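Data block for work_27.cif (mmCIF, C-alpha atoms):
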data_input
#
loop_
_atom_site.label_atom_id
_atom_site.label_comp_id
_atom_site.auth_asym_id
_atom_site.auth_seq_id
_atom_site.Cartn_x
_atom_site.Cartn_y
_atom_site.Cartn_z
CA MET J 710 0.00 0.00 0.00
CA ASN J 711 0.96 3.66 -0.19
CA ILE J 712 2.17 4.94 3.18
CA LEU J 713 2.98 8.53 4.11
CA ILE J 714 5.34 9.08 7.05
CA ALA J 715 5.94 12.53 8.56
CA HIS J 716 9.07 13.25 10.59
CA ASN J 717 10.36 16.41 12.27
CA THR J 718 14.06 16.53 11.30
CA ALA J 719 16.52 15.51 8.58
CA ASP J 720 19.40 14.63 10.92
CA LEU J 721 20.74 11.10 11.43
CA TYR J 722 20.34 10.66 15.18
CA GLY J 723 18.24 8.16 17.14
CA ALA J 724 14.64 8.67 15.99
CA SER J 725 15.74 9.37 12.42
CA ARG J 726 17.82 6.21 12.24
CA SER J 727 14.93 4.18 13.66
CA MET J 728 12.62 5.60 11.02
CA LEU J 729 15.16 4.85 8.29
CA ARG J 730 15.29 1.20 9.36
CA MET J 731 11.49 1.08 9.42
CA VAL J 732 11.25 2.60 5.93
CA CYS J 733 13.79 0.14 4.51
CA GLY J 734 11.77 -2.74 5.97
CA LEU J 735 8.47 -1.45 4.59
CA ILE J 736 9.91 -0.90 1.11
CA LYS J 737 11.25 -4.47 1.00
CA GLU J 738 7.76 -5.85 1.68
CA PRO J 739 7.08 -3.99 -0.72
CA HIS J 740 5.12 -0.85 0.13
CA ALA J 741 5.42 2.55 -1.50
CA VAL J 742 6.63 5.04 1.13
CA THR J 743 6.51 8.84 0.93
CA ILE J 744 8.40 10.75 3.64
CA VAL J 745 7.54 14.36 4.53
CA LEU J 746 10.33 16.35 6.21
CA PRO J 747 10.55 20.05 7.14
CA GLU J 748 14.12 20.47 5.81
CA ASP J 749 16.92 18.99 3.76
CA GLY J 750 19.73 17.12 5.52
CA PRO J 751 21.72 13.86 5.72
CA LEU J 752 18.58 11.77 6.25
CA VAL J 753 17.19 12.77 2.84
CA GLY J 754 19.91 11.04 0.83
CA GLU J 755 19.66 7.87 2.93
CA LEU J 756 15.89 7.73 2.46
CA ARG J 757 16.12 8.21 -1.30
CA ARG J 758 18.76 5.48 -1.56
CA SER J 759 16.32 3.16 0.23
CA GLY J 760 13.73 3.77 -2.48
CA ALA J 761 11.48 6.16 -0.57
CA THR J 762 10.04 9.35 -2.05
CA VAL J 763 11.01 12.41 0.00
CA VAL J 764 8.94 15.60 0.07
CA ILE J 765 10.47 18.68 1.72
CA HIS J 766 7.68 20.71 3.32
CA PRO J 767 9.22 23.72 5.15
CA SER J 768 5.83 24.72 6.58
CA LEU J 769 5.32 21.35 8.30
CA PHE J 770 3.69 22.40 11.56
CA LEU J 771 5.99 21.41 14.44
CA ILE J 772 5.51 21.87 18.15
CA THR J 773 8.77 23.46 19.31
CA ARG J 774 10.02 25.62 22.16
CA GLY J 775 10.47 28.37 19.57
CA MET J 776 6.81 28.12 18.64
CA LEU J 777 5.85 28.67 22.28
CA ARG J 778 7.95 31.86 22.19
CA GLU J 779 6.68 32.87 18.74
CA PRO J 780 2.98 31.94 18.62
CA TRP J 781 2.62 33.56 15.18
CA ARG J 782 4.05 30.30 13.80
CA ILE J 783 0.65 28.74 14.46
CA ALA J 784 -0.51 30.65 11.36
CA LEU J 785 1.44 28.10 9.27
CA ALA J 786 -0.74 25.24 10.48
CA PRO J 787 -3.70 25.68 8.04
CA TRP J 788 -1.38 25.81 5.01
CA SER J 789 0.46 22.70 6.21
CA VAL J 790 -2.82 20.83 6.68
CA VAL J 791 -4.05 21.80 3.20
CA PHE J 792 -0.77 20.80 1.54
CA LEU J 793 -0.66 17.42 3.30
CA MET J 794 -4.31 16.71 2.57
CA TRP J 795 -3.62 17.42 -1.12
CA LEU J 796 -0.58 15.10 -0.98
CA ILE J 797 -2.59 12.30 0.67
CA LEU J 798 -5.32 12.48 -1.97
CA ARG J 799 -2.98 12.97 -4.95
CA ARG J 800 -0.76 10.02 -4.04
CA ARG J 801 -3.69 7.83 -2.97
CA ILE J 802 -2.18 7.35 0.49
CA ALA J 803 -3.74 4.43 2.37
CA LEU J 804 -2.23 5.19 5.79
CA VAL J 805 -0.53 8.18 7.43
CA HIS J 806 2.15 7.56 10.07
CA THR J 807 3.33 10.53 12.15
CA ASN J 808 6.71 9.56 13.58
CA THR J 809 6.82 11.97 16.52
CA ALA J 810 4.39 13.59 18.95
CA LEU J 811 5.73 17.00 17.91
CA ILE J 812 3.90 17.27 14.55
CA LEU J 813 0.20 18.09 14.34
CA SER J 814 -0.72 18.79 10.72
CA PRO J 815 -0.42 15.23 9.27
CA ALA J 816 -2.97 13.89 11.76
CA ILE J 817 -5.44 16.66 10.98
CA ALA J 818 -4.90 16.25 7.23
CA ALA J 819 -5.47 12.48 7.52
CA MET J 820 -8.72 13.05 9.40
CA LEU J 821 -9.99 15.47 6.75
CA ALA J 822 -8.94 13.09 3.96
CA ARG J 823 -10.61 10.19 5.82
CA THR J 824 -7.37 8.24 5.86
CA PRO J 825 -6.30 6.02 8.79
CA HIS J 826 -3.66 7.64 10.98
CA VAL J 827 -1.07 6.09 13.32
CA TRP J 828 0.86 8.26 15.79
CA HIS J 829 4.33 7.18 16.96
CA ILE J 830 5.27 8.61 20.36
CA ARG J 831 8.99 8.91 21.10
CA GLU J 832 8.91 11.67 23.72
CA PHE J 833 8.31 12.36 27.39
CA PHE J 834 6.15 15.33 28.33
CA SER J 835 7.10 15.70 31.99
CA GLU J 836 8.49 19.17 31.18
CA PHE J 837 5.09 20.28 29.89
CA PRO J 838 2.49 19.26 32.46
CA ALA J 839 0.18 22.07 31.38
CA ILE J 840 -0.24 20.91 27.77
CA TRP J 841 0.11 17.12 28.09
CA PRO J 842 -3.47 16.37 29.32
CA LEU J 843 -4.86 18.14 26.24
CA HIS J 844 -2.27 16.84 23.81
CA GLN J 845 -2.74 13.17 24.69
CA ARG J 846 -6.49 13.48 24.14
CA LEU J 847 -5.88 15.18 20.82
CA MET J 848 -3.61 12.30 19.75
CA TYR J 849 -6.22 9.78 20.85
CA PHE J 850 -8.96 11.56 18.91
CA LEU J 851 -6.91 11.89 15.72
CA SER J 852 -5.41 8.37 15.62
CA ARG J 853 -6.68 4.86 15.05
CA ARG J 854 -3.61 3.50 16.88
CA ILE J 855 -0.78 5.04 18.95
CA ILE J 856 2.67 3.45 19.10
CA ALA J 857 4.82 4.04 22.20
CA VAL J 858 8.52 3.13 22.06
CA SER J 859 8.56 1.86 25.65
CA GLN J 860 6.29 0.96 28.54
CA ALA J 861 7.52 4.12 30.26
CA VAL J 862 6.29 6.27 27.36
CA ALA J 863 2.97 4.41 27.23
CA GLY J 864 2.54 5.00 30.96
CA GLN J 865 2.21 8.74 30.36
CA PHE J 866 -1.27 8.25 28.88
CA ALA J 867 -4.33 8.42 31.08
CA ALA J 868 -5.82 5.00 31.86
CA GLY J 869 -8.90 5.69 29.74
CA LEU J 870 -6.78 6.41 26.65
CA ARG J 871 -4.49 3.38 26.68
CA ASP J 872 -6.74 1.07 24.68
CA ARG J 873 -5.26 2.51 21.46
CA VAL J 874 -1.65 2.42 22.67
CA ALA J 875 0.69 -0.37 21.55
CA VAL J 876 4.28 -0.65 22.81
CA ILE J 877 6.81 -1.42 20.07
CA HIS J 878 10.46 -1.19 21.04
CA ASP J 879 12.65 0.11 18.23
CA GLY J 880 14.32 -2.87 16.57
CA PHE J 881 17.84 -3.09 15.13
CA PRO J 882 19.05 -5.56 12.46
CA PRO J 883 21.86 -7.70 13.95
CA GLU J 884 23.80 -7.62 10.67
CA GLU J 885 24.10 -3.85 11.02
CA PHE J 886 26.66 -4.45 13.78
CA ASP J 887 28.74 -7.12 12.07
CA GLY J 888 31.92 -6.76 10.08
CA VAL J 889 33.74 -4.04 12.01
CA THR J 890 37.36 -5.01 11.34
CA PRO J 891 40.30 -4.45 13.70
CA ASP J 892 41.75 -2.10 11.08
CA ARG J 893 38.70 0.18 11.37
CA VAL J 894 38.97 0.20 15.17
CA ALA J 895 42.70 0.92 15.00
CA ALA J 896 42.07 3.74 12.51
CA PHE J 897 39.53 5.29 14.87
CA ARG J 898 41.99 5.19 17.79
CA ARG J 899 44.77 6.67 15.63
CA ALA J 900 42.49 9.51 14.52
CA TRP J 901 42.28 10.66 18.15
CA ALA J 902 45.82 9.67 19.20
CA ILE J 903 44.55 7.08 21.67
CA ASP J 904 47.04 4.42 22.77
CA ASP J 905 46.10 0.82 22.06
CA ASP J 906 46.15 -0.07 25.77
CA ALA J 907 44.15 2.97 26.95
CA PRO J 908 40.73 2.04 28.42
CA LEU J 909 38.07 3.86 26.41
CA ILE J 910 34.73 5.04 27.80
CA GLY J 911 32.29 6.90 25.59
CA VAL J 912 28.88 8.53 25.35
CA VAL J 913 27.25 8.89 21.93
CA GLY J 914 24.54 11.43 21.17
CA ARG J 915 23.58 15.04 20.77
CA ILE J 916 25.61 17.41 22.95
CA LYS J 917 23.04 18.87 25.30
CA TRP J 918 23.84 20.18 28.75
CA LYS J 919 21.87 18.34 31.47
CA ARG J 920 19.38 16.76 29.02
CA LYS J 921 22.00 14.32 27.69
CA GLY J 922 24.24 14.70 30.73
CA GLN J 923 27.68 14.69 29.10
CA GLU J 924 28.87 17.02 31.86
CA VAL J 925 28.32 14.18 34.36
CA LEU J 926 30.80 11.99 32.47
CA VAL J 927 33.30 14.87 32.46
CA ARG J 928 33.03 15.13 36.25
CA ALA J 929 33.35 11.35 36.58
CA ALA J 930 36.50 11.52 34.41
CA GLU J 931 37.99 13.98 36.90
CA LEU J 932 37.11 11.68 39.81
CA LEU J 933 38.79 8.71 38.08
CA ALA J 934 41.85 10.61 36.86
CA GLY J 935 44.14 9.62 39.72
CA ARG J 936 43.33 5.90 39.65
CA TRP J 937 43.04 5.54 35.88
CA PRO J 938 45.41 8.05 34.29
CA LYS J 939 45.45 6.22 30.94
CA ALA J 940 41.65 6.05 30.58
CA ARG J 941 40.14 8.24 27.89
CA PHE J 942 36.57 9.55 27.83
CA LEU J 943 34.91 10.29 24.48
CA LEU J 944 31.99 12.65 23.92
CA ILE J 945 30.81 11.60 20.47
CA GLY J 946 28.31 13.87 18.72
CA SER J 947 27.53 17.52 18.12
CA PRO J 948 24.96 20.00 19.42
CA PHE J 949 21.72 20.57 17.58
CA ARG J 950 21.63 23.73 15.51
CA GLY J 951 21.04 26.65 17.91
CA ASN J 952 22.50 24.76 20.90
CA GLU J 953 26.17 25.50 20.20
CA ASP J 954 26.51 27.10 23.63
CA HIS J 955 26.02 23.63 25.20
CA LEU J 956 29.30 22.52 23.62
CA ARG J 957 31.02 25.71 24.80
CA ARG J 958 29.85 25.10 28.38
CA LEU J 959 31.07 21.53 28.18
CA SER J 960 34.48 22.60 26.85
CA GLU J 961 34.78 25.17 29.63
CA LEU J 962 34.00 22.50 32.23
CA VAL J 963 36.71 20.23 30.76
CA ARG J 964 39.24 23.07 31.09
CA CYS J 965 38.12 24.06 34.59
CA LEU J 966 38.48 20.48 35.85
CA GLY J 967 41.85 20.07 34.17
CA VAL J 968 40.93 16.93 32.19
CA GLN J 969 41.78 18.19 28.69
CA ASP J 970 44.28 15.34 28.26
CA ARG J 971 41.69 12.62 28.93
CA VAL J 972 38.31 13.97 27.71
CA ILE J 973 37.93 14.14 23.92
CA CYS J 974 35.04 15.88 22.14
CA THR J 975 35.02 14.17 18.73
CA GLY J 976 32.08 15.94 17.08
CA GLU J 977 30.41 13.93 14.32
CA VAL J 978 32.10 10.59 13.53
CA ASN J 979 31.97 9.08 10.05
CA ASP J 980 32.46 5.45 11.14
CA ILE J 981 30.20 5.29 14.17
CA LYS J 982 30.27 1.48 14.31
CA ALA J 983 34.07 1.55 14.59
CA ALA J 984 33.67 4.08 17.42
CA PHE J 985 31.33 1.72 19.30
CA ALA J 986 33.67 -1.22 18.66
CA ALA J 987 36.63 0.77 20.03
CA LEU J 988 34.88 1.52 23.33
CA ASP J 989 35.42 -0.64 26.39
CA VAL J 990 32.32 0.78 28.09
CA VAL J 991 29.34 2.58 26.54
CA VAL J 992 27.71 5.20 28.74
CA LEU J 993 24.27 6.84 28.67
CA THR J 994 24.42 9.88 30.95
CA SER J 995 20.99 11.41 30.32
CA SER J 996 19.72 13.33 33.32
CA GLN J 997 16.21 13.43 31.91
CA PRO J 998 14.29 10.31 30.85
CA GLU J 999 15.19 8.69 27.54
CA PRO J 1000 12.07 7.17 25.95
CA PHE J 1001 14.10 4.29 24.45
CA GLY J 1002 17.75 5.19 23.97
CA GLY J 1003 19.08 3.73 20.74
CA VAL J 1004 22.63 4.20 22.01
CA VAL J 1005 22.00 1.62 24.74
CA ILE J 1006 20.80 -0.96 22.20
CA GLU J 1007 23.70 -0.20 19.84
CA GLY J 1008 26.17 -0.72 22.67
CA MET J 1009 24.48 -4.00 23.60
CA ALA J 1010 24.43 -5.15 19.97
CA MET J 1011 28.19 -4.49 19.75
CA GLY J 1012 28.73 -6.67 22.81
CA LYS J 1013 29.70 -3.80 25.11
CA PRO J 1014 28.83 -3.37 28.79
CA VAL J 1015 26.60 -0.32 29.21
CA VAL J 1016 26.39 2.03 32.17
CA ALA J 1017 23.18 4.07 31.97
CA THR J 1018 20.89 6.21 34.09
CA ASN J 1019 17.97 4.35 35.68
CA ILE J 1020 15.13 6.49 34.33
CA GLY J 1021 12.70 6.45 31.39
CA GLY J 1022 12.74 3.42 29.11
CA THR J 1023 16.34 2.44 29.92
CA PRO J 1024 15.47 -0.08 32.69
CA GLU J 1025 13.43 -1.95 30.04
CA GLN J 1026 16.61 -2.33 27.98
CA LEU J 1027 19.24 -3.28 30.56
CA GLU J 1028 19.20 -5.85 33.35
CA ASP J 1029 21.09 -4.13 36.14
CA GLY J 1030 24.13 -6.15 37.15
CA SER J 1031 23.75 -8.59 34.26
CA SER J 1032 23.86 -6.85 30.86
CA GLY J 1033 24.82 -3.46 32.29
CA LEU J 1034 24.80 -1.17 35.28
CA LEU J 1035 22.14 1.41 36.14
CA VAL J 1036 23.07 4.56 38.07
CA GLU J 1037 21.30 7.58 39.50
CA PRO J 1038 21.00 10.41 36.94
CA GLY J 1039 23.18 13.46 37.50
CA ASN J 1040 25.35 11.66 40.07
CA ALA J 1041 28.99 11.81 38.94
CA HIS J 1042 30.18 9.81 41.98
CA ALA J 1043 27.75 6.95 41.23
CA LEU J 1044 28.84 6.96 37.59
CA ALA J 1045 32.53 6.97 38.56
CA ASP J 1046 31.95 4.05 40.97
CA ALA J 1047 30.20 2.00 38.27
CA LEU J 1048 32.97 2.73 35.77
CA GLU J 1049 35.58 1.82 38.40
CA VAL J 1050 33.98 -1.61 38.79
CA LEU J 1051 34.20 -2.28 35.05
CA LEU J 1052 37.61 -0.72 34.50
CA SER J 1053 39.14 -2.83 37.26
CA ASN J 1054 37.64 -6.11 36.02
CA PRO J 1055 38.19 -6.93 32.31
CA ASP J 1056 36.59 -10.37 32.73
CA LEU J 1057 33.42 -8.78 34.10
CA ARG J 1058 33.38 -6.37 31.14
CA GLU J 1059 33.57 -9.29 28.74
CA ARG J 1060 30.87 -11.33 30.51
CA MET J 1061 28.56 -8.34 30.79
CA GLY J 1062 29.14 -7.43 27.14
CA ASN J 1063 28.34 -10.99 26.04
CA ARG J 1064 25.13 -11.00 28.08
CA ALA J 1065 24.21 -7.61 26.62
CA ARG J 1066 24.62 -9.01 23.09
CA GLN J 1067 22.46 -12.03 23.93
CA ARG J 1068 19.76 -9.83 25.45
CA PHE J 1069 19.77 -7.70 22.31
CA LEU J 1070 19.36 -10.78 20.09
CA ALA J 1071 16.52 -12.10 22.26
CA ASN J 1072 14.53 -8.89 22.64
CA PHE J 1073 15.46 -6.00 20.38
CA THR J 1074 16.09 -7.20 16.82
CA PHE J 1075 14.39 -5.60 13.85
CA ALA J 1076 12.25 -8.39 12.34
CA PRO J 1077 9.90 -8.82 15.36
CA SER J 1078 9.60 -5.04 15.65
CA LEU J 1079 8.57 -4.76 11.99
CA GLU J 1080 6.06 -7.59 12.43
CA ARG J 1081 4.46 -5.76 15.38
CA LEU J 1082 4.32 -2.57 13.30
CA ARG J 1083 2.62 -4.51 10.50
CA ARG J 1084 -0.04 -5.73 12.95
CA VAL J 1085 -0.67 -2.17 14.18
CA TYR J 1086 -1.07 -1.02 10.56
CA CYS J 1087 -3.60 -3.79 9.94
CA GLU J 1088 -5.55 -2.83 13.06
CA ALA J 1089 -5.56 0.81 12.00
CA MET J 1090 -6.76 -0.06 8.48
#
Would you mind giving the structure from this file in structure tokens?
Amino acid sequence: MNILIAHNTADLYGASRSMLRMVCGLIKEPHAVTIVLPEDGPLVGELRRSGATVVIHPSLFLITRGMLREPWRIALAPWSVVFLMWLILRRRIALVHTNTALILSPAIAAMLARTPHVWHIREFFSEFPAIWPLHQRLMYFLSRRIIAVSQAVAGQFAAGLRDRVAVIHDGFPPEEFDGVTPDRVAAFRRAWAIDDDAPLIGVVGRIKWKRKGQEVLVRAAELLAGRWPKARFLLIGSPFRGNEDHLRRLSELVRCLGVQDRVICTGEVNDIKAAFAALDVVVLTSSQPEPFGGVVIEGMAMGKPVVATNIGGTPEQLEDGSSGLLVEPGNAHALADALEVLLSNPDLRERMGNRARQRFLANFTFAPSLERLRRVYCEAM
């Protein structure tokens, strides 16, 4: 069938990569997939190579912090609805899938075009208690089915609205993590002048002060400096456009704590799989809940022990003490203690990494996730 999917960004971070996997799976079935994005970016080329049709719609109506400061942006909503309704009818779209809670116009356009709509929720709304009661009812009213990426995300909905909510964890193809050669790992280490015997701890994701919590790892690096002088701590990723000051604050903290020789801000990395393979420990430092952190699953799939904060959907991913370690968010001492345990015990790192890989294979691979998505589509139709 013809499926239209709306997404809020053209970057290649967590939600975008999950959508790209989903699109590739749908096209192989085969379905015809049209993707609507508000901007051009790295995701566009990847989608087109998969066989999807990409439509850039700059007026796509997004719920953003900027919109709350500039309410005149709401005036774009009617035009976005009209354009998407025209697109649905012109392309004979059978189902509309909105891939984030932060877009409104596709759901309204689908309702007006009398086309089934599925809403994919990848966010927490604890920061917005004033609007969430209304927004969840709006999603319920405008959708045949709602997909939540974790039980924690589904738990945000009022009890009377959960009959339309299905939990589908993002799935990852196992073959995506195979074939990383020692040469690629060695090349990654050389690029950052990291000795072969230096323990390597890393966090992967958008640079965002407090939200992603990279500053907690920097403080933990300072606490571990005396006992583990050879350990290196990687902050892999870049800030979102407009958040460049988060990277500046992080760099200032590194200088103030005197850990410039052991904390490395890599920015974007071309061979991200080689980066994961090079790490001895993968860290998720988010101080606010992650709905379902893809970084955790990627670390598990690469056979790495993961230390992550015990909030949001993360406890659904890791078994504390078995496939990883869970720590209190924002607590640099707790993070340093957990890292100390793994740094001082290579055998434990290997066992925990092996169990993480097995848990990934048993629970978070792509094929079962796609099958559950297919069932939700059928229910919505």
Selection near Trp841 in chain J, 12 Å with all atoms listed in the file, sequence-local residues under 3 positions removed, as a PyMOL selection string: chain J and resi 810-811+832-838+844-848+865-867
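Closest approach to Thr994 in chain J among J:Asn1019, J:Gln923, J:Asn1040, J:Ser1053 is made by J:Gln923 (distances from all atoms listed in the file).
With all atoms listed in the file as the atoms that count, the minimum distance from Ser789 in chain J to the choices J:Gly760, J:Pro883, J:Pro747, J:Gly864 is reached by J:Pro747.
Considering the residues J:Ala839, J:Arg726, J:Ala741, J:Phe942 and counting all atoms listed in the file, Val753 in chain J has its shortest atom-to-atom contact with J:Arg726.
Taking CA of Arg853 in chain J as the reference point, CA of Thr718 in chain J is found at 24.1 Å.
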Please list as a list in words every residue within 12 Å of Arg957 in chain J, counting only C-alpha atoms and excluding residues in the same chain fewer than 3 positions away. Ile916, Lys917, Trp918, Glu924, Ser947, Pro948, Asn952, Glu953, Asp954, Ser960, Glu961, Leu962, Val963, Arg964 and Cys974 of chain J
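Nearest residue to Leu813 in chain J, choosing from J:Val992, J:Leu798, J:Val1036, J:Ala786 and counting all atoms listed in the file: J:Ala786.
Once the PyMOL selection byres ((chain J and resi 730-735) around 8) is applied to the shown structure, the selection contains Arg726, Ser727, Met728, Leu729, Ile736, Lys737, Glu738, Pro739, His740, Ala741, Val742, Leu756, Ser759, Gly760, Ala761, Phe881 and Leu1079 of chain J.
Closest approach to Val1085 in chain J among J:Ser852, J:Ser768, J:Ser859, J:Ser995: J:Ser852, based on all atoms listed in the file.
For the pair CA of Glu1007 in chain J and CA of Arg854 in chain J, the separation is 27.7 Å.
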Can you translate the PyMOL selection byres ((chain J and resi 874) around 6) into the concrete residues it hits in this file, as a PyMOL selection string? chain J and resi 855-856+871-873+875
Selected residues written out with C-alpha atoms, as a PDB file, in the coordinates of the input:
ATOM      1  CA  ILE J 855      -0.780   5.040  18.950  1.00  0.00           C
ATOM      2  CA  ILE J 856       2.670   3.450  19.100  1.00  0.00           C
ATOM      3  CA  ARG J 871      -4.490   3.380  26.680  1.00  0.00           C
ATOM      4  CA  ASP J 872      -6.740   1.070  24.680  1.00  0.00           C
ATOM      5  CA  ARG J 873      -5.260   2.510  21.460  1.00  0.00           C
ATOM      6  CA  ALA J 875       0.690  -0.370  21.550  1.00  0.00           C
TER       7      ALA J 875
END
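In this model, the gap between CA of Met710 in chain J and CA of Ala863 in chain J comes to 27.7 Å.
Counting all atoms listed in the file and comparing J:Ala987, J:Pro891, J:Gly750, J:Val876, the residue that lies closest to Ile903 in chain J is J:Ala987.
Neighbours of Arg1060 in chain J closer than or equal to 10 Å, with all atoms listed in the file counted and sequence neighbours fewer than 2 positions away skipped, come out as Gly1012, Lys1013, Pro1014, Ser1031, Ser1032, Pro1055, Asp1056, Leu1057, Arg1058, Gly1062, Asn1063, Arg1064, Ala1065 and Arg1066 of chain J.
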Matched chain/residue IDs from the PyMOL selection byres ((chain J and resi 884) around 12), as a VMD selection string: chain J and resid 881 to 883 885 to 889 982 1007 1010 to 1011 1070 1074 to 1076
All residues 7 Å or closer to Ala1045 in chain J, all atoms listed in the file, same chain fewer than 6 positions away omitted, as a PyMOL selection string: chain J and resi 929+932-933
Protein/DNA/RNA residues near (4.0, 8.4, 2.1), cut 10 Å, all atoms listed in the file, as number ranges by chain: J: 710-715, 740-745, 761-764, 796-797, 800-806
Could you model N, CA and C atoms for range 923-946 of chain J and present them as an mmCIF file, in the frame of the given file?
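As written to disk, selection_4.cif reads:
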data_model
loop_
_atom_site.group_PDB
_atom_site.id
_atom_site.type_symbol
_atom_site.label_atom_id
_atom_site.label_comp_id
_atom_site.auth_asym_id
_atom_site.auth_seq_id
_atom_site.Cartn_x
_atom_site.Cartn_y
_atom_site.Cartn_z
ATOM 1 N N GLN J 923 26.240 14.924 29.335
ATOM 2 C CA GLN J 923 27.680 14.690 29.100
ATOM 3 C C GLN J 923 28.552 15.309 30.185
ATOM 4 N N GLU J 924 28.072 16.381 30.812
ATOM 5 C CA GLU J 924 28.870 17.020 31.860
ATOM 6 C C GLU J 924 29.082 16.094 33.062
ATOM 7 N N VAL J 925 28.167 15.139 33.257
ATOM 8 C CA VAL J 925 28.320 14.180 34.360
ATOM 9 C C VAL J 925 29.505 13.255 34.080
ATOM 10 N N LEU J 926 29.652 12.834 32.821
ATOM 11 C CA LEU J 926 30.800 11.990 32.470
ATOM 12 C C LEU J 926 32.103 12.769 32.622
ATOM 13 N N VAL J 927 32.097 14.057 32.286
ATOM 14 C CA VAL J 927 33.300 14.870 32.460
ATOM 15 C C VAL J 927 33.690 14.909 33.929
ATOM 16 N N ARG J 928 32.733 15.091 34.809
ATOM 17 C CA ARG J 928 33.030 15.130 36.250
ATOM 18 C C ARG J 928 33.498 13.759 36.744
ATOM 19 N N ALA J 929 32.897 12.699 36.210
ATOM 20 C CA ALA J 929 33.350 11.350 36.580
ATOM 21 C C ALA J 929 34.782 11.113 36.105
ATOM 22 N N ALA J 930 35.123 11.646 34.924
ATOM 23 C CA ALA J 930 36.500 11.520 34.410
ATOM 24 C C ALA J 930 37.483 12.159 35.374
ATOM 25 N N GLU J 931 37.103 13.296 35.943
ATOM 26 C CA GLU J 931 37.990 13.980 36.900
ATOM 27 C C GLU J 931 38.137 13.144 38.176
ATOM 28 N N LEU J 932 37.054 12.499 38.610
ATOM 29 C CA LEU J 932 37.110 11.680 39.810
ATOM 30 C C LEU J 932 37.985 10.431 39.604
ATOM 31 N N LEU J 933 38.041 9.931 38.368
ATOM 32 C CA LEU J 933 38.790 8.710 38.080
ATOM 33 C C LEU J 933 40.221 8.990 37.626
ATOM 34 N N ALA J 934 40.560 10.256 37.459
ATOM 35 C CA ALA J 934 41.850 10.610 36.860
ATOM 36 C C ALA J 934 43.034 10.039 37.619
ATOM 37 N N GLY J 935 43.005 10.092 38.941
ATOM 38 C CA GLY J 935 44.140 9.620 39.720
ATOM 39 C C GLY J 935 44.338 8.123 39.638
ATOM 40 N N ARG J 936 43.242 7.362 39.652
ATOM 41 C CA ARG J 936 43.330 5.900 39.650
ATOM 42 C C ARG J 936 43.487 5.328 38.242
ATOM 43 N N TRP J 937 43.006 6.038 37.253
ATOM 44 C CA TRP J 937 43.040 5.540 35.880
ATOM 45 C C TRP J 937 43.579 6.620 34.951
ATOM 46 N N PRO J 938 44.855 6.942 35.075
ATOM 47 C CA PRO J 938 45.410 8.050 34.290
ATOM 48 C C PRO J 938 45.421 7.788 32.785
ATOM 49 N N LYS J 939 45.404 6.516 32.372
ATOM 50 C CA LYS J 939 45.450 6.220 30.940
ATOM 51 C C LYS J 939 44.063 6.166 30.306
ATOM 52 N N ALA J 940 43.008 6.136 31.123
ATOM 53 C CA ALA J 940 41.650 6.050 30.580
ATOM 54 C C ALA J 940 41.301 7.308 29.795
ATOM 55 N N ARG J 941 40.594 7.121 28.708
ATOM 56 C CA ARG J 941 40.140 8.240 27.890
ATOM 57 C C ARG J 941 38.613 8.208 27.807
ATOM 58 N N PHE J 942 38.016 9.410 27.801
ATOM 59 C CA PHE J 942 36.570 9.550 27.830
ATOM 60 C C PHE J 942 36.130 10.326 26.595
ATOM 61 N N LEU J 943 35.317 9.694 25.751
ATOM 62 C CA LEU J 943 34.910 10.290 24.480
ATOM 63 C C LEU J 943 33.489 10.835 24.574
ATOM 64 N N LEU J 944 33.310 12.057 24.091
ATOM 65 C CA LEU J 944 31.990 12.650 23.920
ATOM 66 C C LEU J 944 31.744 12.721 22.423
ATOM 67 N N ILE J 945 30.983 11.766 21.906
ATOM 68 C CA ILE J 945 30.810 11.600 20.470
ATOM 69 C C ILE J 945 29.481 12.205 20.054
ATOM 70 N N GLY J 946 29.525 13.209 19.194
ATOM 71 C CA GLY J 946 28.310 13.870 18.720
ATOM 72 C C GLY J 946 28.492 15.376 18.700
#
